[in-house]
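Just protein_35.txt here, compact mmCIF, N, CA and C atoms:
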# COMPACT_ATOMS: atom_id res chain seq x y z
N MET S 242 -133.87 41.13 -44.38
CA MET S 242 -134.52 40.03 -45.06
C MET S 242 -135.93 40.47 -45.42
N CYS S 243 -136.35 40.18 -46.62
CA CYS S 243 -137.66 40.63 -47.05
C CYS S 243 -138.77 39.81 -46.37
N GLN S 244 -139.95 40.38 -46.36
CA GLN S 244 -141.08 39.76 -45.68
C GLN S 244 -141.43 38.40 -46.28
N ILE S 245 -141.33 38.25 -47.61
CA ILE S 245 -141.70 36.98 -48.25
C ILE S 245 -140.79 35.86 -47.78
N SER S 246 -139.47 36.09 -47.78
CA SER S 246 -138.57 35.03 -47.32
C SER S 246 -138.76 34.76 -45.84
N ARG S 247 -139.14 35.75 -45.06
CA ARG S 247 -139.41 35.57 -43.64
C ARG S 247 -140.60 34.63 -43.47
N LEU S 248 -141.60 34.77 -44.34
CA LEU S 248 -142.79 33.93 -44.23
C LEU S 248 -142.49 32.48 -44.57
N MET S 249 -141.48 32.22 -45.40
CA MET S 249 -141.13 30.86 -45.77
C MET S 249 -140.31 30.16 -44.69
N LYS S 250 -139.79 30.92 -43.77
CA LYS S 250 -139.00 30.33 -42.70
C LYS S 250 -139.92 29.64 -41.70
N GLN S 251 -139.35 28.69 -41.01
CA GLN S 251 -140.12 27.90 -40.04
C GLN S 251 -140.30 28.67 -38.74
N ILE S 252 -141.51 28.65 -38.23
CA ILE S 252 -141.80 29.29 -36.94
C ILE S 252 -141.30 28.36 -35.83
N LEU S 253 -140.51 28.91 -34.94
CA LEU S 253 -139.99 28.16 -33.80
C LEU S 253 -140.99 28.17 -32.65
N THR S 254 -141.51 29.36 -32.34
CA THR S 254 -142.42 29.53 -31.21
C THR S 254 -143.13 30.87 -31.37
N TYR S 255 -143.89 31.23 -30.37
CA TYR S 255 -144.55 32.53 -30.32
C TYR S 255 -144.21 33.19 -28.99
N ILE S 256 -144.01 34.49 -29.03
CA ILE S 256 -143.94 35.29 -27.81
C ILE S 256 -145.12 36.24 -27.90
N GLY S 257 -146.08 36.03 -27.04
CA GLY S 257 -147.36 36.72 -27.21
C GLY S 257 -147.96 36.24 -28.51
N ASP S 258 -148.36 37.19 -29.36
CA ASP S 258 -148.90 36.84 -30.68
C ASP S 258 -147.84 36.89 -31.77
N GLU S 259 -146.62 37.20 -31.41
CA GLU S 259 -145.54 37.39 -32.39
C GLU S 259 -144.86 36.06 -32.71
N PRO S 260 -144.89 35.65 -33.98
CA PRO S 260 -144.15 34.44 -34.35
C PRO S 260 -142.64 34.69 -34.29
N ILE S 261 -141.92 33.71 -33.81
CA ILE S 261 -140.46 33.77 -33.74
C ILE S 261 -139.93 32.73 -34.72
N TYR S 262 -139.08 33.18 -35.64
CA TYR S 262 -138.61 32.32 -36.71
C TYR S 262 -137.24 31.73 -36.42
N ARG S 263 -137.08 30.47 -36.83
CA ARG S 263 -135.79 29.78 -36.68
C ARG S 263 -134.73 30.53 -37.47
N ASN S 264 -133.51 30.52 -36.93
CA ASN S 264 -132.37 31.14 -37.61
C ASN S 264 -131.13 30.29 -37.31
N PHE S 265 -131.20 29.04 -37.65
CA PHE S 265 -130.12 28.09 -37.35
C PHE S 265 -128.89 28.42 -38.19
N ILE S 266 -127.77 28.64 -37.54
CA ILE S 266 -126.51 28.91 -38.22
C ILE S 266 -125.75 27.58 -38.32
N GLU S 267 -125.49 27.16 -39.54
CA GLU S 267 -124.84 25.86 -39.75
C GLU S 267 -123.32 25.98 -39.72
N ASP S 268 -122.68 24.85 -39.45
CA ASP S 268 -121.22 24.71 -39.55
C ASP S 268 -120.44 25.72 -38.72
N LEU S 269 -120.85 25.91 -37.47
CA LEU S 269 -120.10 26.79 -36.59
C LEU S 269 -118.77 26.12 -36.23
N PRO S 270 -117.70 26.91 -36.15
CA PRO S 270 -116.41 26.32 -35.77
C PRO S 270 -116.45 25.80 -34.34
N TYR S 271 -115.63 24.80 -34.07
CA TYR S 271 -115.62 24.13 -32.78
C TYR S 271 -114.18 23.75 -32.43
N THR S 272 -113.76 24.06 -31.23
CA THR S 272 -112.42 23.71 -30.77
C THR S 272 -112.56 22.59 -29.74
N PRO S 273 -112.31 21.33 -30.12
CA PRO S 273 -112.55 20.20 -29.22
C PRO S 273 -111.71 20.24 -27.95
N GLU S 274 -110.56 20.88 -27.98
CA GLU S 274 -109.71 20.96 -26.79
C GLU S 274 -110.40 21.68 -25.62
N LEU S 275 -111.35 22.51 -25.93
CA LEU S 275 -112.06 23.25 -24.87
C LEU S 275 -113.05 22.37 -24.11
N LYS S 276 -113.41 21.23 -24.68
CA LYS S 276 -114.41 20.36 -24.06
C LYS S 276 -114.02 19.95 -22.64
N LYS S 277 -112.72 19.76 -22.39
CA LYS S 277 -112.28 19.35 -21.06
C LYS S 277 -112.52 20.43 -20.00
N LEU S 278 -112.74 21.67 -20.42
CA LEU S 278 -113.00 22.77 -19.48
C LEU S 278 -114.47 22.85 -19.05
N LEU S 279 -115.36 22.25 -19.83
CA LEU S 279 -116.80 22.39 -19.57
C LEU S 279 -117.25 21.87 -18.21
N PRO S 280 -116.84 20.66 -17.78
CA PRO S 280 -117.31 20.19 -16.47
C PRO S 280 -116.94 21.14 -15.32
N GLY S 281 -115.74 21.69 -15.36
CA GLY S 281 -115.33 22.61 -14.30
C GLY S 281 -116.13 23.89 -14.30
N LYS S 282 -116.43 24.41 -15.49
CA LYS S 282 -117.25 25.62 -15.58
C LYS S 282 -118.65 25.37 -15.05
N ARG S 283 -119.20 24.21 -15.36
CA ARG S 283 -120.56 23.90 -14.90
C ARG S 283 -120.60 23.69 -13.39
N LYS S 284 -119.58 23.03 -12.87
CA LYS S 284 -119.53 22.75 -11.43
C LYS S 284 -119.24 24.01 -10.62
N ALA S 285 -118.64 25.02 -11.24
CA ALA S 285 -118.32 26.26 -10.54
C ALA S 285 -119.59 26.90 -9.96
N GLY S 286 -120.71 26.68 -10.63
CA GLY S 286 -121.99 27.15 -10.10
C GLY S 286 -122.05 28.64 -9.87
N ILE S 287 -121.62 29.43 -10.86
CA ILE S 287 -121.70 30.88 -10.76
C ILE S 287 -123.17 31.25 -10.57
N LEU S 288 -123.46 31.95 -9.49
CA LEU S 288 -124.84 32.21 -9.09
C LEU S 288 -125.68 32.81 -10.21
N ALA S 289 -125.18 33.83 -10.89
CA ALA S 289 -125.97 34.47 -11.94
C ALA S 289 -126.31 33.47 -13.05
N GLU S 290 -125.36 32.62 -13.41
CA GLU S 290 -125.62 31.62 -14.44
C GLU S 290 -126.66 30.61 -13.98
N VAL S 291 -126.56 30.18 -12.74
CA VAL S 291 -127.52 29.22 -12.20
C VAL S 291 -128.92 29.83 -12.16
N LEU S 292 -129.03 31.08 -11.73
CA LEU S 292 -130.33 31.74 -11.67
C LEU S 292 -130.95 31.89 -13.06
N PHE S 293 -130.13 32.28 -14.04
CA PHE S 293 -130.64 32.41 -15.40
C PHE S 293 -131.02 31.04 -15.96
N TRP S 294 -130.17 30.04 -15.73
CA TRP S 294 -130.44 28.69 -16.22
C TRP S 294 -131.77 28.17 -15.69
N TYR S 295 -132.07 28.47 -14.43
CA TYR S 295 -133.33 28.04 -13.84
C TYR S 295 -134.53 28.62 -14.61
N GLN S 296 -134.37 29.83 -15.16
CA GLN S 296 -135.46 30.48 -15.90
C GLN S 296 -135.66 29.89 -17.30
N VAL S 297 -134.57 29.37 -17.91
CA VAL S 297 -134.65 28.97 -19.32
C VAL S 297 -134.51 27.47 -19.58
N ARG S 298 -134.13 26.72 -18.58
CA ARG S 298 -133.86 25.30 -18.81
C ARG S 298 -135.15 24.55 -19.17
N ALA S 299 -134.97 23.46 -19.86
CA ALA S 299 -136.07 22.55 -20.22
C ALA S 299 -137.22 23.26 -20.96
N GLY S 300 -136.88 24.26 -21.75
CA GLY S 300 -137.91 24.94 -22.54
C GLY S 300 -138.85 25.81 -21.74
N ASN S 301 -138.47 26.16 -20.50
CA ASN S 301 -139.33 27.00 -19.65
C ASN S 301 -139.63 28.37 -20.25
N PHE S 302 -138.74 28.87 -21.08
CA PHE S 302 -138.88 30.21 -21.65
C PHE S 302 -139.42 30.07 -23.08
N HIS S 303 -140.72 30.14 -23.24
CA HIS S 303 -141.40 30.09 -24.53
C HIS S 303 -141.03 28.87 -25.36
N ARG S 304 -140.76 27.76 -24.68
CA ARG S 304 -140.41 26.50 -25.35
C ARG S 304 -139.15 26.62 -26.21
N ILE S 305 -138.26 27.53 -25.85
CA ILE S 305 -137.00 27.72 -26.56
C ILE S 305 -135.93 26.92 -25.83
N ASP S 306 -135.15 26.15 -26.59
CA ASP S 306 -134.12 25.28 -26.02
C ASP S 306 -132.79 26.02 -25.90
N PHE S 307 -132.33 26.21 -24.68
CA PHE S 307 -131.05 26.86 -24.40
C PHE S 307 -130.02 25.80 -24.05
N ASP S 308 -128.81 25.94 -24.58
CA ASP S 308 -127.68 25.11 -24.17
C ASP S 308 -126.82 25.95 -23.23
N ARG S 309 -126.26 25.30 -22.25
CA ARG S 309 -125.39 25.98 -21.29
C ARG S 309 -123.94 25.64 -21.61
N GLN S 310 -123.06 26.65 -21.55
CA GLN S 310 -121.64 26.49 -21.83
C GLN S 310 -121.40 25.75 -23.15
N ARG S 311 -121.62 26.46 -24.21
CA ARG S 311 -121.46 25.90 -25.56
C ARG S 311 -120.17 26.41 -26.18
N ILE S 312 -119.42 25.50 -26.81
CA ILE S 312 -118.18 25.86 -27.48
C ILE S 312 -118.50 26.34 -28.89
N ILE S 313 -118.05 27.54 -29.20
CA ILE S 313 -118.15 28.09 -30.55
C ILE S 313 -116.79 28.69 -30.88
N GLY S 314 -116.12 28.12 -31.85
CA GLY S 314 -114.77 28.57 -32.19
C GLY S 314 -113.85 28.34 -31.01
N ASN S 315 -113.12 29.37 -30.62
CA ASN S 315 -112.21 29.30 -29.49
C ASN S 315 -112.82 29.84 -28.20
N TYR S 316 -114.13 29.92 -28.15
CA TYR S 316 -114.82 30.50 -27.00
C TYR S 316 -115.83 29.53 -26.42
N ILE S 317 -116.05 29.67 -25.13
CA ILE S 317 -117.15 28.97 -24.47
C ILE S 317 -118.15 30.04 -24.07
N VAL S 318 -119.33 30.01 -24.71
CA VAL S 318 -120.34 31.02 -24.41
C VAL S 318 -121.20 30.52 -23.26
N ASP S 319 -121.77 31.45 -22.51
CA ASP S 319 -122.56 31.07 -21.34
C ASP S 319 -123.80 30.27 -21.73
N PHE S 320 -124.58 30.79 -22.68
CA PHE S 320 -125.80 30.13 -23.14
C PHE S 320 -125.93 30.31 -24.64
N TYR S 321 -126.48 29.29 -25.29
CA TYR S 321 -126.63 29.35 -26.74
C TYR S 321 -127.97 28.72 -27.14
N VAL S 322 -128.67 29.41 -28.04
CA VAL S 322 -129.91 28.89 -28.62
C VAL S 322 -129.61 28.60 -30.08
N LYS S 323 -129.36 27.33 -30.39
CA LYS S 323 -128.94 26.98 -31.75
C LYS S 323 -130.03 27.21 -32.78
N THR S 324 -131.30 27.10 -32.40
CA THR S 324 -132.38 27.31 -33.36
C THR S 324 -132.55 28.78 -33.74
N LEU S 325 -131.94 29.67 -32.97
CA LEU S 325 -132.00 31.10 -33.28
C LEU S 325 -130.64 31.68 -33.67
N GLY S 326 -129.57 30.99 -33.35
CA GLY S 326 -128.25 31.59 -33.55
C GLY S 326 -128.06 32.72 -32.54
N LEU S 327 -128.51 32.48 -31.32
CA LEU S 327 -128.50 33.49 -30.25
C LEU S 327 -127.59 33.07 -29.11
N ILE S 328 -126.71 33.98 -28.74
CA ILE S 328 -125.84 33.78 -27.58
C ILE S 328 -126.32 34.69 -26.47
N VAL S 329 -126.38 34.16 -25.25
CA VAL S 329 -126.67 34.98 -24.07
C VAL S 329 -125.42 34.94 -23.21
N GLU S 330 -124.84 36.10 -22.98
CA GLU S 330 -123.62 36.21 -22.18
C GLU S 330 -123.92 36.98 -20.91
N ILE S 331 -123.43 36.47 -19.80
CA ILE S 331 -123.58 37.15 -18.52
C ILE S 331 -122.26 37.83 -18.21
N ASP S 332 -122.31 39.15 -18.15
CA ASP S 332 -121.12 39.93 -17.85
C ASP S 332 -120.91 39.96 -16.35
N THR S 333 -119.74 39.52 -15.92
CA THR S 333 -119.44 39.51 -14.50
C THR S 333 -118.78 40.81 -14.08
N GLN S 334 -118.97 41.12 -12.83
CA GLN S 334 -118.49 42.38 -12.28
C GLN S 334 -116.98 42.31 -12.05
N VAL S 335 -116.27 43.28 -12.60
CA VAL S 335 -114.84 43.38 -12.40
C VAL S 335 -114.57 44.11 -11.08
N SER S 336 -115.22 45.26 -10.90
CA SER S 336 -115.14 46.01 -9.65
C SER S 336 -116.20 47.09 -9.63
N ASN S 337 -116.79 47.33 -8.49
CA ASN S 337 -117.76 48.41 -8.29
C ASN S 337 -118.61 48.75 -9.52
N ASP S 338 -119.46 47.86 -9.92
CA ASP S 338 -120.38 48.08 -11.04
C ASP S 338 -119.68 48.28 -12.38
N ILE S 339 -118.44 47.86 -12.53
CA ILE S 339 -117.74 47.93 -13.81
C ILE S 339 -117.76 46.54 -14.42
N TYR S 340 -118.34 46.45 -15.59
CA TYR S 340 -118.42 45.19 -16.32
C TYR S 340 -117.56 45.32 -17.56
N LYS S 341 -116.76 44.33 -17.82
CA LYS S 341 -115.87 44.40 -18.97
C LYS S 341 -116.19 43.26 -19.93
N PRO S 342 -117.05 43.54 -20.93
CA PRO S 342 -117.36 42.49 -21.91
C PRO S 342 -116.15 42.24 -22.81
N ASP S 343 -116.05 41.04 -23.32
CA ASP S 343 -114.98 40.67 -24.24
C ASP S 343 -115.41 41.07 -25.65
N THR S 344 -115.04 42.27 -26.06
CA THR S 344 -115.49 42.78 -27.36
C THR S 344 -114.85 42.03 -28.52
N LYS S 345 -113.64 41.53 -28.36
CA LYS S 345 -113.01 40.74 -29.42
C LYS S 345 -113.82 39.47 -29.68
N ALA S 346 -114.21 38.78 -28.61
CA ALA S 346 -115.03 37.58 -28.74
C ALA S 346 -116.38 37.93 -29.37
N GLU S 347 -116.99 39.01 -28.91
CA GLU S 347 -118.30 39.41 -29.42
C GLU S 347 -118.23 39.70 -30.92
N GLN S 348 -117.20 40.42 -31.35
CA GLN S 348 -117.04 40.72 -32.77
C GLN S 348 -116.87 39.44 -33.59
N TYR S 349 -116.07 38.53 -33.09
CA TYR S 349 -115.85 37.26 -33.79
C TYR S 349 -117.15 36.47 -33.91
N LEU S 350 -117.86 36.33 -32.81
CA LEU S 350 -119.10 35.54 -32.80
C LEU S 350 -120.16 36.18 -33.70
N GLU S 351 -120.26 37.48 -33.67
CA GLU S 351 -121.23 38.16 -34.54
C GLU S 351 -120.83 38.05 -36.01
N SER S 352 -119.52 37.94 -36.29
CA SER S 352 -119.07 37.76 -37.68
C SER S 352 -119.54 36.41 -38.25
N LEU S 353 -119.88 35.48 -37.38
CA LEU S 353 -120.40 34.17 -37.80
C LEU S 353 -121.90 34.21 -38.09
N GLY S 354 -122.52 35.38 -37.87
CA GLY S 354 -123.95 35.52 -38.08
C GLY S 354 -124.77 35.34 -36.82
N LEU S 355 -124.10 35.22 -35.68
CA LEU S 355 -124.78 35.04 -34.41
C LEU S 355 -125.15 36.39 -33.81
N LYS S 356 -126.19 36.41 -33.00
CA LYS S 356 -126.58 37.62 -32.27
C LYS S 356 -126.27 37.39 -30.81
N MET S 357 -125.94 38.48 -30.11
CA MET S 357 -125.57 38.36 -28.70
C MET S 357 -126.45 39.25 -27.84
N PHE S 358 -126.97 38.65 -26.78
CA PHE S 358 -127.74 39.36 -25.76
C PHE S 358 -126.91 39.34 -24.49
N ARG S 359 -126.54 40.50 -23.99
CA ARG S 359 -125.68 40.61 -22.81
C ARG S 359 -126.51 41.01 -21.59
N ILE S 360 -126.16 40.41 -20.45
CA ILE S 360 -126.83 40.68 -19.19
C ILE S 360 -125.75 40.87 -18.13
N SER S 361 -125.96 41.80 -17.22
CA SER S 361 -125.02 41.92 -16.10
C SER S 361 -125.46 40.98 -14.99
N GLU S 362 -124.49 40.44 -14.27
CA GLU S 362 -124.84 39.54 -13.17
C GLU S 362 -125.63 40.27 -12.10
N THR S 363 -125.40 41.56 -11.92
CA THR S 363 -126.15 42.34 -10.93
C THR S 363 -127.63 42.40 -11.32
N ASP S 364 -127.90 42.62 -12.61
CA ASP S 364 -129.30 42.66 -13.06
C ASP S 364 -129.99 41.31 -12.84
N ILE S 365 -129.27 40.24 -13.10
CA ILE S 365 -129.86 38.91 -12.88
C ILE S 365 -130.21 38.73 -11.41
N LYS S 366 -129.33 39.12 -10.54
CA LYS S 366 -129.56 38.94 -9.11
C LYS S 366 -130.64 39.85 -8.57
N ASN S 367 -130.82 41.03 -9.19
CA ASN S 367 -131.73 42.03 -8.64
C ASN S 367 -133.05 42.20 -9.37
N ASN S 368 -133.11 41.82 -10.65
CA ASN S 368 -134.35 42.07 -11.39
C ASN S 368 -134.54 41.07 -12.53
N MET S 369 -134.75 39.83 -12.18
CA MET S 369 -134.91 38.77 -13.17
C MET S 369 -136.11 39.00 -14.08
N VAL S 370 -137.18 39.56 -13.55
CA VAL S 370 -138.37 39.81 -14.37
C VAL S 370 -138.02 40.76 -15.51
N MET S 371 -137.28 41.82 -15.22
CA MET S 371 -136.88 42.78 -16.24
C MET S 371 -135.97 42.10 -17.28
N ILE S 372 -135.04 41.27 -16.82
CA ILE S 372 -134.13 40.57 -17.72
C ILE S 372 -134.92 39.70 -18.70
N MET S 373 -135.86 38.95 -18.20
CA MET S 373 -136.61 38.05 -19.06
C MET S 373 -137.49 38.84 -20.05
N LYS S 374 -138.05 39.96 -19.60
CA LYS S 374 -138.84 40.81 -20.50
C LYS S 374 -137.93 41.41 -21.59
N ASN S 375 -136.74 41.87 -21.21
CA ASN S 375 -135.80 42.41 -22.19
C ASN S 375 -135.36 41.34 -23.19
N LEU S 376 -135.20 40.11 -22.73
CA LEU S 376 -134.85 39.02 -23.63
C LEU S 376 -135.99 38.75 -24.61
N GLU S 377 -137.23 38.79 -24.13
CA GLU S 377 -138.37 38.64 -25.04
C GLU S 377 -138.35 39.71 -26.13
N VAL S 378 -138.15 40.96 -25.72
CA VAL S 378 -138.12 42.07 -26.68
C VAL S 378 -136.98 41.87 -27.69
N PHE S 379 -135.81 41.48 -27.21
CA PHE S 379 -134.66 41.26 -28.08
C PHE S 379 -134.97 40.17 -29.11
N ILE S 380 -135.57 39.10 -28.67
CA ILE S 380 -135.89 37.99 -29.58
C ILE S 380 -136.95 38.42 -30.59
N ILE S 381 -137.97 39.13 -30.16
CA ILE S 381 -138.99 39.62 -31.08
C ILE S 381 -138.37 40.55 -32.12
N GLU S 382 -137.52 41.48 -31.67
CA GLU S 382 -136.90 42.44 -32.59
C GLU S 382 -135.98 41.77 -33.60
N ASN S 383 -135.31 40.70 -33.20
CA ASN S 383 -134.32 40.07 -34.07
C ASN S 383 -134.80 38.84 -34.82
N TYR S 384 -135.86 38.20 -34.32
CA TYR S 384 -136.32 36.95 -34.94
C TYR S 384 -137.81 36.92 -35.21
N GLY S 385 -138.47 38.04 -34.98
CA GLY S 385 -139.91 38.12 -35.22
C GLY S 385 -140.23 38.53 -36.65
N ASN S 386 -141.48 38.90 -36.89
CA ASN S 386 -141.95 39.28 -38.21
C ASN S 386 -141.24 40.50 -38.78
N HIS S 387 -140.91 41.44 -37.93
CA HIS S 387 -140.34 42.70 -38.37
C HIS S 387 -139.04 42.97 -37.63
N PRO S 388 -138.00 42.18 -37.94
CA PRO S 388 -136.74 42.36 -37.20
C PRO S 388 -136.16 43.76 -37.43
N VAL S 389 -135.55 44.29 -36.39
CA VAL S 389 -134.88 45.58 -36.48
C VAL S 389 -133.57 45.38 -37.23
N LYS S 390 -133.30 46.19 -38.22
CA LYS S 390 -132.06 46.09 -38.99
C LYS S 390 -130.93 46.74 -38.21
N ASN S 391 -129.78 46.06 -38.19
CA ASN S 391 -128.61 46.62 -37.50
C ASN S 391 -127.92 47.65 -38.37
Serialized structure, structure tokens:
Amino acid sequence: MCQISRLMKQILTYIGDEPIYRNFIEDLPYTPELKKLLPGKRKAGILAEVLFWYQVRAGNFHRIDFDRQRIIGNYIVDFYVKTLGLIVEIDTQVSNDIYKPDTKAEQYLESLGLKMFRISETDIKNNMVMIMKNLEVFIIENYGNHPVKN
């Protein structure tokens, strides 16, 4: 996206001195049948999700509004920032430090224009400061003045 059109976009917030621009993706697909699964997922209280939620809930993270367990298409994503079109997924451990992300889901969600930030549950449990700093960098690179081209 050229610099001029970037300047016409609305600023959502700032991280440091860097403006972060809104990137709302409209008309995302929604599967209403999945709604009945949401209460169970929330009550499950997966520790990594709860720890991350504590860091970002109620605009605690640079006044950015995160939704927890959001339905997009046929998937329920862990966290979603609708004003950025950003998904945060927590990869759970399959066995001995092996994490298996759902690449089919990731490809589908990215085809909708969404960006995905992945975190391992081990990193959340062991180094939350690093996770939050990496998320800041990711947001600046993708939604700041000079986004990195993929």
| request: Within 6.5 Å of segment 299-312 of chain S, counting only N, CA and C atoms, which residues show up once you throw out same-chain ones fewer than 4 positions away? Write them as a ChimeraX atom specification, please. | output: /S:254-255,270-272,316-323
| task | If you run DSSP over the backbone, which residues in chain S end up helix (DSSP H, G or I)? Put them as number ranges by chain. | result | S: 244-249, 273-285, 288-300, 344-352, 362-367, 369-384
| query | Residues at most 9 Å from segment 344-355 of chain S, counting only C-alpha atoms, excluding those fewer than 5 positions away in the same chain, as a ChimeraX atom specification? | reply | /S:266,269,313-316,325-328
| task | Enter the distance from atom N of Asn383 of chain S to atom CA of Tyr262 of chain S, in Å, rounded to one decimal. | result |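 Atom N of Asn383 of chain S sits 9.7 Å away from atom CA of Tyr262 of chain S.
Relative to atom C of Tyr384 of chain S, atom N of Phe265 of chain S is found at 10.6 Å.
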| said: I need the strand (DSSP E or B) residues of segment 250-348 of chain S per DSSP on the backbone, written as a ChimeraX atom specification. | reply: /S:252-256,259-262,271,308-314,316-322,327-332,334-336,339-340
Could you pull segment 345-357 of chain S out of the structure just shown and give N, CA and C atoms as a compact mmCIF listing (two decimals), in the first residue's frame?
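Output below, filename part-v6.txt:
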# COMPACT_ATOMS: atom_id res chain seq x y z
N LYS S 345 -3.90 -25.50 7.19
CA LYS S 345 -5.07 -25.34 6.32
C LYS S 345 -5.92 -24.17 6.80
N ALA S 346 -6.18 -24.10 8.09
CA ALA S 346 -6.95 -22.99 8.66
C ALA S 346 -6.21 -21.68 8.44
N GLU S 347 -4.90 -21.67 8.69
CA GLU S 347 -4.12 -20.45 8.53
C GLU S 347 -4.17 -19.94 7.09
N GLN S 348 -4.03 -20.84 6.13
CA GLN S 348 -4.09 -20.44 4.72
C GLN S 348 -5.47 -19.86 4.39
N TYR S 349 -6.51 -20.49 4.87
CA TYR S 349 -7.87 -20.00 4.61
C TYR S 349 -8.07 -18.61 5.21
N LEU S 350 -7.70 -18.44 6.46
CA LEU S 350 -7.90 -17.17 7.15
C LEU S 350 -7.07 -16.06 6.50
N GLU S 351 -5.86 -16.36 6.11
CA GLU S 351 -5.03 -15.36 5.44
C GLU S 351 -5.58 -15.02 4.05
N SER S 352 -6.26 -15.98 3.41
CA SER S 352 -6.87 -15.70 2.10
C SER S 352 -7.99 -14.67 2.21
N LEU S 353 -8.52 -14.48 3.41
CA LEU S 353 -9.56 -13.48 3.66
C LEU S 353 -8.97 -12.09 3.89
N GLY S 354 -7.63 -12.00 3.89
CA GLY S 354 -6.96 -10.72 4.14
C GLY S 354 -6.55 -10.53 5.58
N LEU S 355 -6.71 -11.56 6.40
CA LEU S 355 -6.35 -11.49 7.81
C LEU S 355 -4.88 -11.82 7.99
N LYS S 356 -4.29 -11.30 9.05
CA LYS S 356 -2.91 -11.63 9.40
C LYS S 356 -2.95 -12.48 10.67
N MET S 357 -1.98 -13.38 10.80
CA MET S 357 -1.97 -14.27 11.95
C MET S 357 -0.65 -14.16 12.70
